[in-house]
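J.: Below you'll find the structure I mean.
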Amino acid sequence: MTFVEILCPNCALFLDFDGTMVDIAPKPEQVHVPQPLISSLTQLQAYLGGAIAVVSGRPIEQIDDYLYPLRLPVAGVHGAERRSADGEVILIATHPLDRVESVARCLAAEHPELVVEHKRGSLALHYRLAPHLEPLCREQMEAAVNDSPGLTLLHGKMVVEAKPTGAGKGHAIEAFLGEPPFTGRTPLFIGDDVTDEVGFSTVQRLGGLGIKVGEGATVARQRLRDPAALRQEFEAAIAAKTRKAPQL
C-alpha cells in the first residue's frame, strides 16, 4: 500500500525530522527545509484535524524555527520535552551531563571533525565528518554514560547521544495518543533511524503502521526510498484527499 492509500481522516500522523522529512546535513545546523514541505504539512494538519506531530531528537525550539510559521505539536529531544496540541509543554526530569560533556569536549578538541551538540538534558556527539572515529566515540561515550546515573546512550546515524533514561519516542507517541486531537485515531509513524524503531514498534502494537525512510533493517512494515520520496507522497496524498468530488 502507498502512503496515499494508508492515510485517512482518522489517522494520527507522527513524523521524525532529520533523514525523514529533510535530508541529513553534514552538521545539524546546515539542514535545509524545502519550502513546499511546510505547505504540505499545513495542508495535512488541516486534513487530519490537527492530529499531526513531529517526534524528533531535536529540541522543540529548533523544529519551530525550521517549520516557521507552522507550529505543530512536537516531542523534542527524543521525548524529553513535549508540546501538546493545546500548547502545554511537558518536561521530563533530567540528570547531570558533566561526565559525558567532559568526555565529548575532550574528543572534539582532539578531533576537530567531531561535533558536540548540547540540548536540554541531552548531549550528542556527531562523527559524520569522521566516520572512522565511530569506535572511539562509541567506546568513550558508553563509558561516560555508564558513570552517569539516569542517562542512556542512544546510537543513531553517525551520532551517539546521552539522553535521560525516561525519554523515548515511543513514550512520546503514546502520550500524544492520550490527548485530543490524537485520541482514538490510527497512529502512523514515519522515521529513518535506529532511534525510530521504538516508535515503529509502538504504533504497530497499537494497531497502526510504521514507515521507514531509507535502507536498513527495521520492524516497520512499510518503507520509502528517501526524504524526497516522502515529500512526493505528501503532495500526492494532499492532491488525492483534498480533490473535490465531481459535480453531478
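Residues in the C-alpha cells are numbered from 1 in each chain, the chains being A, B, ... in the order shown, and ligands are numbered from 1 in the order shown.
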Just the residues within 9 Å of Ala124 of chain A, please, counting only C-alpha atoms, with nothing from its chain fewer than 2 positions along; format it as JSON, numbers by chain.

T.: {"A": [104, 115, 116, 117, 118, 119, 122, 126, 154, 159, 160, 161, 162, 163]}

J.: List as JSON, numbers by chain the protein and nucleic acid residues near Tyr127 of chain A, meaning an atom at most 12 Å away when only C-alpha atoms are counted, but skip any in the same chain fewer than 6 places from it.

T.: {"A": [26, 27, 28, 104, 107, 108, 111, 112, 113, 114, 115, 116, 117, 133, 134, 135, 136, 137, 138, 155, 156, 157, 158, 159, 160, 161]}

J.: Considering only C-alpha atoms, tabulate each residue of segment 130-209 of chain A that lies at most 9 Å from segment 60-77 of chain A along with its nearest interatomic pair and the corresponding distance in Å to one decimal; arrange the rows by chain and ascending residue number and present them as CSV.

T.:
```
residue,atom,partner,partner_atom,distance
A:Lys163,CA,A:Val77,CA,7.9
A:Ala167,CA,A:Val77,CA,7.9
A:Gly168,CA,A:Val77,CA,8.6
A:Lys169,CA,A:Ala75,CA,7.7
A:Ala172,CA,A:Ala75,CA,6.3
A:Ile173,CA,A:Ala75,CA,8.2
A:Phe176,CA,A:Pro73,CA,8.8
```

J.: Please provide the set of residues having any atom within 6 Å of Val54 of chain A, restricted to only C-alpha atoms, with same-chain residues fewer than 3 positions apart removed, written as a PyMOL selection string.

T.: chain A and resi 14-16+74

J.: Using DSSP on the backbone, list every residue of segment 6-248 of chain A that comes out as strand (DSSP E or B), and give them as an mmCIF file with C-alpha atoms, in the first residue's frame.

T.:
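The resulting file, states.cif, is reproduced below:
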```cif
data_model
loop_
_atom_site.group_PDB
_atom_site.id
_atom_site.type_symbol
_atom_site.label_atom_id
_atom_site.label_comp_id
_atom_site.auth_asym_id
_atom_site.auth_seq_id
_atom_site.Cartn_x
_atom_site.Cartn_y
_atom_site.Cartn_z
ATOM 1 C CA CYS A 11 -5.198 8.763 11.245
ATOM 2 C CA ALA A 12 -2.773 10.391 13.677
ATOM 3 C CA LEU A 13 0.466 11.190 11.863
ATOM 4 C CA PHE A 14 3.792 11.271 13.740
ATOM 5 C CA LEU A 15 6.927 12.359 11.889
ATOM 6 C CA ASP A 18 16.166 14.724 10.006
ATOM 7 C CA VAL A 22 14.541 16.583 5.245
ATOM 8 C CA ILE A 52 -0.054 15.579 13.249
ATOM 9 C CA ALA A 53 3.080 15.894 15.386
ATOM 10 C CA VAL A 54 6.842 15.943 14.971
ATOM 11 C CA VAL A 55 8.744 13.414 17.104
ATOM 12 C CA VAL A 74 6.281 18.431 18.961
ATOM 13 C CA ALA A 75 8.132 15.876 21.047
ATOM 14 C CA GLY A 76 11.734 17.096 21.179
ATOM 15 C CA GLU A 81 10.339 17.708 26.132
ATOM 16 C CA ARG A 82 6.890 17.675 24.559
ATOM 17 C CA ARG A 83 4.407 20.339 23.487
ATOM 18 C CA VAL A 89 4.918 21.958 27.424
ATOM 19 C CA ILE A 90 5.767 18.854 29.446
ATOM 20 C CA LEU A 91 9.362 18.314 30.567
ATOM 21 C CA VAL A 115 30.564 17.994 16.501
ATOM 22 C CA VAL A 116 29.204 18.283 20.039
ATOM 23 C CA GLU A 117 25.522 19.226 20.260
ATOM 24 C CA HIS A 118 24.149 20.209 23.667
ATOM 25 C CA LYS A 119 20.386 20.009 24.279
ATOM 26 C CA SER A 122 20.933 15.503 26.409
ATOM 27 C CA LEU A 123 24.269 15.671 24.631
ATOM 28 C CA ALA A 124 25.029 14.336 21.151
ATOM 29 C CA LEU A 125 28.426 13.621 19.616
ATOM 30 C CA HIS A 126 28.313 13.599 15.810
ATOM 31 C CA LEU A 151 21.336 8.520 31.384
ATOM 32 C CA THR A 152 21.117 6.119 28.447
ATOM 33 C CA LEU A 153 23.294 6.102 25.328
ATOM 34 C CA LEU A 154 21.405 6.260 22.052
ATOM 35 C CA HIS A 155 23.095 5.115 18.832
ATOM 36 C CA GLY A 156 21.930 6.901 15.693
ATOM 37 C CA VAL A 159 25.912 10.026 16.194
ATOM 38 C CA VAL A 160 25.884 8.831 19.788
ATOM 39 C CA GLU A 161 23.699 10.689 22.236
ATOM 40 C CA ALA A 162 23.351 10.616 26.002
ATOM 41 C CA LYS A 163 19.710 11.187 26.942
ATOM 42 C CA PRO A 164 17.517 10.823 30.044
ATOM 43 C CA THR A 186 -4.951 5.053 13.990
ATOM 44 C CA PRO A 187 -1.298 6.053 14.536
ATOM 45 C CA LEU A 188 1.230 6.276 11.718
ATOM 46 C CA PHE A 189 4.885 6.957 12.487
ATOM 47 C CA ILE A 190 7.450 7.764 9.807
ATOM 48 C CA GLY A 191 11.161 7.755 10.683
ATOM 49 C CA LEU A 209 1.759 1.407 10.972
ATOM 50 C CA GLY A 210 5.452 2.252 10.933
ATOM 51 C CA ILE A 211 7.058 3.537 7.720
ATOM 52 C CA LYS A 212 10.848 3.590 7.451
ATOM 53 C CA VAL A 213 12.576 6.090 5.188
ATOM 54 C CA GLN A 222 6.363 -0.115 5.032
ATOM 55 C CA ARG A 223 9.322 1.690 3.502
ATOM 56 C CA LEU A 224 10.057 4.766 1.403
#
```

J.: Which of these residues is nearest to Arg185 of chain A, using only C-alpha atoms: A:Ser56, A:Gly214, A:Glu233, A:Asn10?

T.: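 Nearest to Arg185 of chain A: A:Asn10.
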
J.: Pick out the closest residue to Gln232 of chain A from this set: A:Ala109, A:Ala80, A:Leu129, A:Val4. Count only C-alpha atoms.

T.: A:Val4

J.: DSSP on the backbone, helix (DSSP H, G or I) only: what residues of segment 40-120 of chain A does that give? Format it as a PyMOL selection string.

T.: chain A and resi 40-47+60-67+77-79+98-110

J.: Would you save the residues of that selection, restricted to N, CA, C and O atoms, as a short mmCIF file (atom, residue, chain, number, x, y, z; two decimals), in the first residue's frame?

T.:
```cif
data_model
loop_
_atom_site.label_atom_id
_atom_site.label_comp_id
_atom_site.auth_asym_id
_atom_site.auth_seq_id
_atom_site.Cartn_x
_atom_site.Cartn_y
_atom_site.Cartn_z
N SER A 40 2.92 21.50 2.58
CA SER A 40 2.33 20.16 2.66
C SER A 40 1.91 19.83 4.08
O SER A 40 0.81 19.30 4.32
N LEU A 41 2.76 20.14 5.06
CA LEU A 41 2.43 19.85 6.45
C LEU A 41 1.22 20.66 6.91
O LEU A 41 0.38 20.16 7.67
N THR A 42 1.12 21.89 6.45
CA THR A 42 -0.02 22.73 6.80
C THR A 42 -1.32 22.12 6.27
O THR A 42 -2.33 22.07 6.99
N GLN A 43 -1.27 21.64 5.04
CA GLN A 43 -2.47 21.04 4.46
C GLN A 43 -2.80 19.70 5.10
O GLN A 43 -3.98 19.36 5.30
N LEU A 44 -1.78 18.93 5.46
CA LEU A 44 -2.02 17.66 6.15
C LEU A 44 -2.61 17.91 7.54
O LEU A 44 -3.47 17.17 8.01
N GLN A 45 -2.14 18.95 8.20
CA GLN A 45 -2.68 19.31 9.51
C GLN A 45 -4.18 19.59 9.41
O GLN A 45 -4.97 19.14 10.26
N ALA A 46 -4.58 20.30 8.38
CA ALA A 46 -5.99 20.61 8.19
C ALA A 46 -6.78 19.35 7.88
O ALA A 46 -7.86 19.12 8.44
N TYR A 47 -6.26 18.51 7.01
CA TYR A 47 -6.94 17.28 6.62
C TYR A 47 -7.14 16.34 7.81
O TYR A 47 -8.19 15.69 7.93
N ILE A 60 12.44 21.29 20.67
CA ILE A 60 11.23 21.89 20.12
C ILE A 60 11.53 23.22 19.43
O ILE A 60 11.02 23.51 18.35
N GLU A 61 12.37 24.03 20.06
CA GLU A 61 12.68 25.36 19.52
C GLU A 61 13.24 25.28 18.11
O GLU A 61 12.90 26.09 17.23
N GLN A 62 14.11 24.30 17.86
CA GLN A 62 14.69 24.16 16.53
C GLN A 62 13.65 23.73 15.50
O GLN A 62 13.63 24.24 14.37
N ILE A 63 12.77 22.80 15.88
CA ILE A 63 11.72 22.38 14.97
C ILE A 63 10.84 23.57 14.61
O ILE A 63 10.49 23.77 13.43
N ASP A 64 10.48 24.38 15.59
CA ASP A 64 9.67 25.57 15.32
C ASP A 64 10.38 26.52 14.35
O ASP A 64 9.75 27.08 13.44
N ASP A 65 11.67 26.71 14.54
CA ASP A 65 12.43 27.61 13.66
C ASP A 65 12.44 27.09 12.23
O ASP A 65 12.24 27.86 11.27
N TYR A 66 12.64 25.79 12.06
CA TYR A 66 12.73 25.23 10.72
C TYR A 66 11.37 25.20 10.01
O TYR A 66 11.31 25.31 8.78
N LEU A 67 10.30 25.03 10.77
CA LEU A 67 8.98 24.91 10.14
C LEU A 67 8.18 26.22 10.18
O LEU A 67 7.02 26.25 9.78
N VAL A 77 13.93 16.24 21.66
CA VAL A 77 14.99 15.56 22.41
C VAL A 77 14.52 14.14 22.78
O VAL A 77 14.59 13.72 23.93
N HIS A 78 13.99 13.44 21.77
CA HIS A 78 13.53 12.05 21.93
C HIS A 78 12.45 11.92 23.01
O HIS A 78 12.34 10.88 23.65
N GLY A 79 11.67 12.97 23.19
CA GLY A 79 10.59 12.92 24.17
C GLY A 79 10.92 13.53 25.52
O GLY A 79 10.07 13.56 26.41
N ASP A 98 27.68 16.26 33.28
CA ASP A 98 29.06 16.73 33.44
C ASP A 98 30.09 15.75 32.87
O ASP A 98 30.98 16.14 32.10
N ARG A 99 29.98 14.50 33.27
CA ARG A 99 30.96 13.49 32.83
C ARG A 99 30.90 13.29 31.33
O ARG A 99 31.93 13.25 30.65
N VAL A 100 29.70 13.20 30.79
CA VAL A 100 29.51 13.00 29.35
C VAL A 100 30.04 14.20 28.57
O VAL A 100 30.75 14.05 27.56
N GLU A 101 29.71 15.40 29.04
CA GLU A 101 30.16 16.59 28.33
C GLU A 101 31.68 16.71 28.35
O GLU A 101 32.30 17.09 27.34
N SER A 102 32.30 16.39 29.47
CA SER A 102 33.76 16.45 29.57
C SER A 102 34.41 15.53 28.55
O SER A 102 35.35 15.92 27.84
N VAL A 103 33.90 14.31 28.46
CA VAL A 103 34.46 13.34 27.50
C VAL A 103 34.25 13.81 26.07
O VAL A 103 35.17 13.77 25.24
N ALA A 104 33.05 14.27 25.75
CA ALA A 104 32.74 14.71 24.39
C ALA A 104 33.59 15.91 24.00
O ALA A 104 34.12 15.99 22.88
N ARG A 105 33.74 16.87 24.91
CA ARG A 105 34.54 18.06 24.59
C ARG A 105 36.01 17.70 24.40
O ARG A 105 36.68 18.26 23.52
N CYS A 106 36.52 16.79 25.18
CA CYS A 106 37.92 16.36 25.03
C CYS A 106 38.13 15.69 23.68
O CYS A 106 39.13 15.93 22.99
N LEU A 107 37.19 14.84 23.29
CA LEU A 107 37.29 14.17 22.00
C LEU A 107 37.24 15.18 20.86
O LEU A 107 38.01 15.09 19.89
N ALA A 108 36.35 16.16 20.97
CA ALA A 108 36.22 17.17 19.92
C ALA A 108 37.45 18.07 19.85
O ALA A 108 37.83 18.54 18.77
N ALA A 109 38.07 18.32 20.98
CA ALA A 109 39.28 19.13 20.99
C ALA A 109 40.42 18.39 20.29
O ALA A 109 41.25 19.00 19.60
N GLU A 110 40.45 17.07 20.46
CA GLU A 110 41.49 16.26 19.83
C GLU A 110 41.18 15.97 18.36
O GLU A 110 42.10 15.83 17.55
#
```

J.: Could you please determine the separation between atom CA of Phe3 of chain A and atom CA of Glu179 of chain A in Å, to one decimal place?

T.: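 These atoms are spaced 24.3 Å apart.
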